[in-house]
Amino acid sequence: MNNTKNTHKSVGFIGLGAMGSSVVTNMLKNGFSLVIYDIFKEAMDRFSGENTKKASSPTEIGNSVEICFVMVNTYSQCKSALFDKGGLLAGKKCKTVVLLSTVAPDEAEDLQEECVANGVQMLDCPVSGGTRGAAEGTLTLMAAGDKKIYEFCIPFLKSFSQRIFFVGEKVGMGQSMKAVNQLLFGVQMVAMAEAVVLGQKHGITPELIFEVISNSSGSSNVFLSRMPSVIKRDFSTKSTLDIQLKDMNICLRAGEKKRSPLFLATVAKELYKLAGEKFDPREDSSAVIKLYELFAEKA
């Protein structure tokens, strides 16, 4: 854990889901005082103590702090948290927004434009590492925006991350880098599922597949991190099927905007969509293997 000391009286944080709640916990552990908000009161009720204040609306945060982190699921939720009636920027004090959410690159640009129109700067800063990385404070961050804003935010970012990459001075570049990561993650997860079921159809156990491939050229970080859970049939959430579908849609949108071919991403997206329809979309994205197993049973 980093030993970042509080340089501001308090910091705002909107979005206390599986990822956001862990980020807040780590910021508190590192000495920051937070003003928090989530649309679900029970999410805020998990926090207590003199260093945590629960806001009744994002506007209350905007009237209380100079910097606020936003970690909600979708672009529409980002817009609502920032700009709707009762939104953060209806407040008069907040001057910096750190967007930890994953949205499309052009959506991040739109959010930045509207922030600037309200006299507020935005750092585009999506994260990677899943719920485990958030809980352990070891997330990887992909930051983009004004370099001075980035440098101002570093002490806060270090409180919940292990690696921070500054990928460019244009807002949206952070989301572009995240799209590259999620494309690789999503395609590799599907490839793992396809390969494992192929092996099983030939009488090879998942355990043996893991042992051999872990020491062969077909291995990957996705394989090493997710295959043990697949073997245990543990599909508890690290990154859900529905979030992976959202991320693949972002990849496809990013590709369409730049006319970049995304053949594998297109197929992977359809498989996550179908898996979410056939099974619980809140299961981990590795549950896509159940779709392959279903097809293999019918073959």
# chains A, B, ... in the order shown; residues from 1 in each chain; ligands from 1
$ closest_atom_pairs --of "range 50-124 of chain A" --to "range 169-185 of chain A" --cutoff "7 Å" --atoms "only C-alpha atoms" --output "tab-separated table"
residue	atom	partner	partner_atom	distance
A:Thr102	CA	A:Gln175	CA	6.6
A:Val103	CA	A:Gln175	CA	6.5
A:Ala104	CA	A:Gln175	CA	6.2
A:Pro105	CA	A:Gly172	CA	4.3
A:Asp106	CA	A:Gly172	CA	6.4
A:Ala108	CA	A:Gly172	CA	5.2
A:Glu109	CA	A:Gly172	CA	5.6
A:Leu123	CA	A:Val171	CA	6.9
A:Asp124	CA	A:Val171	CA	5.6
$ residues_around --residues "Asp242 in chain A" --least-positions-apart "2" --cutoff "10 Å" --atoms "only C-alpha atoms" --output "ChimeraX atom specification"
/A:239-240,244-248,272-273,275-277,280-285
$ closest_residue --among "A:Ala135, A:Ile154, A:Val11, A:Ala18" --to "Cys94 in chain A" --atoms "only C-alpha atoms"
A:Val11
$ atom_distance --atom1 "CA of Phe69 in chain A" --atom2 "CA of Ser161 in chain A"
14.0 Å
$ select_by_dssp --residues "range 7-237 of chain A" --states "strand (DSSP E or B)" --output "PyMOL selection string"
chain A and resi 11-14+34-37+52-54+67-70+96-99+121-124+127-128+139-144+161-168
$ residues_around --residues "Lys290 in chain A" --least-positions-apart "2" --cutoff "12 Å" --atoms "only C-alpha atoms" --output "ChimeraX atom specification"
/A:190,192-194,196-197,230,233-235,241,271-272,274-280,283-288,292-297
$ residues_around --residues "Leu252 in chain A" --least-positions-apart "2" --cutoff "9 Å" --atoms "only C-alpha atoms" --output "PDB file with N, CA and C atoms, in the first residue's frame"
ATOM      1  N   ALA A 179      -9.428   0.740 -24.489  1.00  0.00           N
ATOM      2  CA  ALA A 179     -10.083  -0.059 -25.533  1.00  0.00           C
ATOM      3  C   ALA A 179      -9.123  -1.094 -26.106  1.00  0.00           C
ATOM      4  N   LEU A 183      -9.918  -5.014 -25.758  1.00  0.00           N
ATOM      5  CA  LEU A 183     -10.003  -5.844 -26.953  1.00  0.00           C
ATOM      6  C   LEU A 183      -9.161  -7.111 -26.762  1.00  0.00           C
ATOM      7  N   ASP A 247     -17.680  -3.208 -22.828  1.00  0.00           N
ATOM      8  CA  ASP A 247     -16.325  -2.857 -23.248  1.00  0.00           C
ATOM      9  C   ASP A 247     -16.051  -3.251 -24.694  1.00  0.00           C
ATOM     10  N   MET A 248     -16.587  -4.399 -25.134  1.00  0.00           N
ATOM     11  CA  MET A 248     -16.388  -4.798 -26.529  1.00  0.00           C
ATOM     12  C   MET A 248     -17.126  -3.846 -27.463  1.00  0.00           C
ATOM     13  N   ASN A 249     -18.290  -3.377 -27.042  1.00  0.00           N
ATOM     14  CA  ASN A 249     -19.008  -2.377 -27.841  1.00  0.00           C
ATOM     15  C   ASN A 249     -18.212  -1.083 -27.952  1.00  0.00           C
ATOM     16  N   ILE A 250     -17.533  -0.710 -26.872  1.00  0.00           N
ATOM     17  CA  ILE A 250     -16.675   0.478 -26.907  1.00  0.00           C
ATOM     18  C   ILE A 250     -15.525   0.261 -27.885  1.00  0.00           C
ATOM     19  N   ALA A 254     -14.815   2.523 -31.126  1.00  0.00           N
ATOM     20  CA  ALA A 254     -13.518   3.169 -31.341  1.00  0.00           C
ATOM     21  C   ALA A 254     -12.944   2.778 -32.704  1.00  0.00           C
ATOM     22  N   GLY A 255     -13.113   1.513 -33.084  1.00  0.00           N
ATOM     23  CA  GLY A 255     -12.632   1.063 -34.388  1.00  0.00           C
ATOM     24  C   GLY A 255     -13.381   1.706 -35.534  1.00  0.00           C
ATOM     25  N   GLU A 256     -14.704   1.817 -35.382  1.00  0.00           N
ATOM     26  CA  GLU A 256     -15.521   2.418 -36.440  1.00  0.00           C
ATOM     27  C   GLU A 256     -15.158   3.882 -36.647  1.00  0.00           C
ATOM     28  N   LYS A 257     -14.896   4.592 -35.535  1.00  0.00           N
ATOM     29  CA  LYS A 257     -14.565   6.020 -35.642  1.00  0.00           C
ATOM     30  C   LYS A 257     -13.275   6.248 -36.429  1.00  0.00           C
ATOM     31  N   SER A 260     -10.756   1.277 -38.304  1.00  0.00           N
ATOM     32  CA  SER A 260      -9.771   0.244 -37.993  1.00  0.00           C
ATOM     33  C   SER A 260     -10.477  -1.110 -37.971  1.00  0.00           C
ATOM     34  N   PRO A 261     -10.002  -2.102 -38.727  1.00  0.00           N
ATOM     35  CA  PRO A 261     -10.694  -3.395 -38.795  1.00  0.00           C
ATOM     36  C   PRO A 261     -10.632  -4.142 -37.465  1.00  0.00           C
ATOM     37  N   LEU A 262     -11.772  -4.674 -37.037  1.00  0.00           N
ATOM     38  CA  LEU A 262     -11.862  -5.384 -35.763  1.00  0.00           C
ATOM     39  C   LEU A 262     -12.645  -6.688 -35.949  1.00  0.00           C
ATOM     40  N   ALA A 265     -12.693  -8.818 -32.561  1.00  0.00           N
ATOM     41  CA  ALA A 265     -13.507  -8.129 -31.553  1.00  0.00           C
ATOM     42  C   ALA A 265     -14.990  -8.263 -31.867  1.00  0.00           C
ATOM     43  N   THR A 266     -15.334  -8.250 -33.143  1.00  0.00           N
ATOM     44  CA  THR A 266     -16.739  -8.381 -33.544  1.00  0.00           C
ATOM     45  C   THR A 266     -17.291  -9.745 -33.137  1.00  0.00           C
ATOM     46  N   LYS A 269     -17.533  -9.990 -29.277  1.00  0.00           N
ATOM     47  CA  LYS A 269     -18.688  -9.229 -28.781  1.00  0.00           C
ATOM     48  C   LYS A 269     -19.969 -10.045 -28.883  1.00  0.00           C
TER      49      LYS A 269
END
$ closest_residue --among "A:Val187, A:Val167, A:Cys125, A:Met142" --to "Val70 in chain A" --atoms "only C-alpha atoms"
A:Cys125
$ closest_residue --among "A:Lys298, A:Lys79, A:Lys95, A:Lys85" --to "Val65 in chain A" --atoms "only C-alpha atoms"
A:Lys95
$ select_by_dssp --residues "range 125-188 of chain A" --states "alpha helix (DSSP H)" --output "PyMOL selection string"
chain A and resi 130-136+147-157+173-188
$ atom_distance --atom1 "CA of Leu111 in chain A" --atom2 "CA of Tyr75 in chain A"
8.8 Å
$ closest_residue --among "A:Phe83, A:Phe13, A:Phe152, A:Phe32" --to "Ala55 in chain A" --atoms "only C-alpha atoms"
A:Phe13
$ closest_residue --among "A:Thr138, A:Ser80, A:Gln121, A:Thr52" --to "Tyr150 in chain A" --atoms "only C-alpha atoms"
A:Gln121
$ decode --residues "range 31-52 of chain A" --atoms "N, CA, C and O atoms" --output "mmCIF file, in the first residue's frame"
data_model
loop_
_atom_site.group_PDB
_atom_site.id
_atom_site.type_symbol
_atom_site.label_atom_id
_atom_site.label_comp_id
_atom_site.auth_asym_id
_atom_site.auth_seq_id
_atom_site.Cartn_x
_atom_site.Cartn_y
_atom_site.Cartn_z
ATOM 1 N N GLY A 31 -4.991 8.202 4.013
ATOM 2 C CA GLY A 31 -5.049 9.487 4.707
ATOM 3 C C GLY A 31 -5.923 10.551 4.112
ATOM 4 O O GLY A 31 -5.954 11.676 4.613
ATOM 5 N N PHE A 32 -6.657 10.244 3.040
ATOM 6 C CA PHE A 32 -7.537 11.249 2.453
ATOM 7 C C PHE A 32 -8.879 11.273 3.172
ATOM 8 O O PHE A 32 -9.367 10.242 3.654
ATOM 9 N N SER A 33 -9.475 12.447 3.225
ATOM 10 C CA SER A 33 -10.855 12.596 3.684
ATOM 11 C C SER A 33 -11.730 12.675 2.443
ATOM 12 O O SER A 33 -11.386 13.378 1.483
ATOM 13 N N LEU A 34 -12.864 11.975 2.450
ATOM 14 C CA LEU A 34 -13.697 11.898 1.256
ATOM 15 C C LEU A 34 -15.135 12.322 1.517
ATOM 16 O O LEU A 34 -15.691 12.036 2.577
ATOM 17 N N VAL A 35 -15.688 12.980 0.519
ATOM 18 C CA VAL A 35 -17.120 13.246 0.462
ATOM 19 C C VAL A 35 -17.646 12.332 -0.635
ATOM 20 O O VAL A 35 -17.257 12.457 -1.797
ATOM 21 N N ILE A 36 -18.517 11.385 -0.276
ATOM 22 C CA ILE A 36 -18.899 10.328 -1.198
ATOM 23 C C ILE A 36 -20.374 10.406 -1.570
ATOM 24 O O ILE A 36 -21.202 10.936 -0.832
ATOM 25 N N TYR A 37 -20.679 9.849 -2.754
ATOM 26 C CA TYR A 37 -22.083 9.762 -3.171
ATOM 27 C C TYR A 37 -22.277 8.538 -4.069
ATOM 28 O O TYR A 37 -21.446 8.230 -4.918
ATOM 29 N N ASP A 38 -23.389 7.869 -3.845
ATOM 30 C CA ASP A 38 -23.849 6.817 -4.744
ATOM 31 C C ASP A 38 -25.367 6.885 -4.780
ATOM 32 O O ASP A 38 -26.009 7.248 -3.782
ATOM 33 N N ILE A 39 -25.939 6.526 -5.918
ATOM 34 C CA ILE A 39 -27.388 6.565 -6.050
ATOM 35 C C ILE A 39 -28.065 5.593 -5.087
ATOM 36 O O ILE A 39 -29.215 5.780 -4.693
ATOM 37 N N PHE A 40 -27.326 4.557 -4.672
ATOM 38 C CA PHE A 40 -27.842 3.584 -3.714
ATOM 39 C C PHE A 40 -27.328 3.926 -2.319
ATOM 40 O O PHE A 40 -26.114 3.861 -2.068
ATOM 41 N N LYS A 41 -28.228 4.263 -1.423
ATOM 42 C CA LYS A 41 -27.849 4.675 -0.066
ATOM 43 C C LYS A 41 -27.078 3.577 0.659
ATOM 44 O O LYS A 41 -26.136 3.859 1.419
ATOM 45 N N GLU A 42 -27.461 2.304 0.422
ATOM 46 C CA GLU A 42 -26.788 1.213 1.118
ATOM 47 C C GLU A 42 -25.301 1.138 0.760
ATOM 48 O O GLU A 42 -24.493 0.652 1.552
ATOM 49 N N ALA A 43 -24.945 1.601 -0.441
ATOM 50 C CA ALA A 43 -23.538 1.625 -0.822
ATOM 51 C C ALA A 43 -22.761 2.627 0.036
ATOM 52 O O ALA A 43 -21.623 2.363 0.440
ATOM 53 N N MET A 44 -23.368 3.764 0.318
ATOM 54 C CA MET A 44 -22.725 4.754 1.181
ATOM 55 C C MET A 44 -22.688 4.300 2.633
ATOM 56 O O MET A 44 -21.754 4.622 3.374
ATOM 57 N N ASP A 45 -23.701 3.546 3.040
ATOM 58 C CA ASP A 45 -23.782 3.104 4.437
ATOM 59 C C ASP A 45 -22.662 2.164 4.830
ATOM 60 O O ASP A 45 -22.443 1.912 6.022
ATOM 61 N N ARG A 46 -21.948 1.617 3.831
ATOM 62 C CA ARG A 46 -20.817 0.745 4.143
ATOM 63 C C ARG A 46 -19.635 1.517 4.717
ATOM 64 O O ARG A 46 -18.700 0.932 5.253
ATOM 65 N N PHE A 47 -19.687 2.836 4.595
ATOM 66 C CA PHE A 47 -18.580 3.671 5.053
ATOM 67 C C PHE A 47 -19.001 4.518 6.254
ATOM 68 O O PHE A 47 -20.120 5.006 6.325
ATOM 69 N N SER A 48 -18.058 4.673 7.166
ATOM 70 C CA SER A 48 -18.304 5.507 8.339
ATOM 71 C C SER A 48 -16.969 6.043 8.825
ATOM 72 O O SER A 48 -15.904 5.670 8.325
ATOM 73 N N GLY A 49 -17.014 6.933 9.796
ATOM 74 C CA GLY A 49 -15.782 7.487 10.339
ATOM 75 C C GLY A 49 -15.654 8.968 10.051
ATOM 76 O O GLY A 49 -16.316 9.511 9.161
ATOM 77 N N GLU A 50 -14.778 9.601 10.802
ATOM 78 C CA GLU A 50 -14.652 11.055 10.720
ATOM 79 C C GLU A 50 -14.080 11.531 9.389
ATOM 80 O O GLU A 50 -14.256 12.699 9.022
ATOM 81 N N ASN A 51 -13.411 10.639 8.639
ATOM 82 C CA ASN A 51 -12.828 11.043 7.356
ATOM 83 C C ASN A 51 -13.766 10.810 6.177
ATOM 84 O O ASN A 51 -13.363 10.975 5.021
ATOM 85 N N THR A 52 -15.007 10.401 6.453
ATOM 86 C CA THR A 52 -15.972 10.145 5.393
ATOM 87 C C THR A 52 -17.246 10.941 5.642
ATOM 88 O O THR A 52 -17.861 10.824 6.699
#
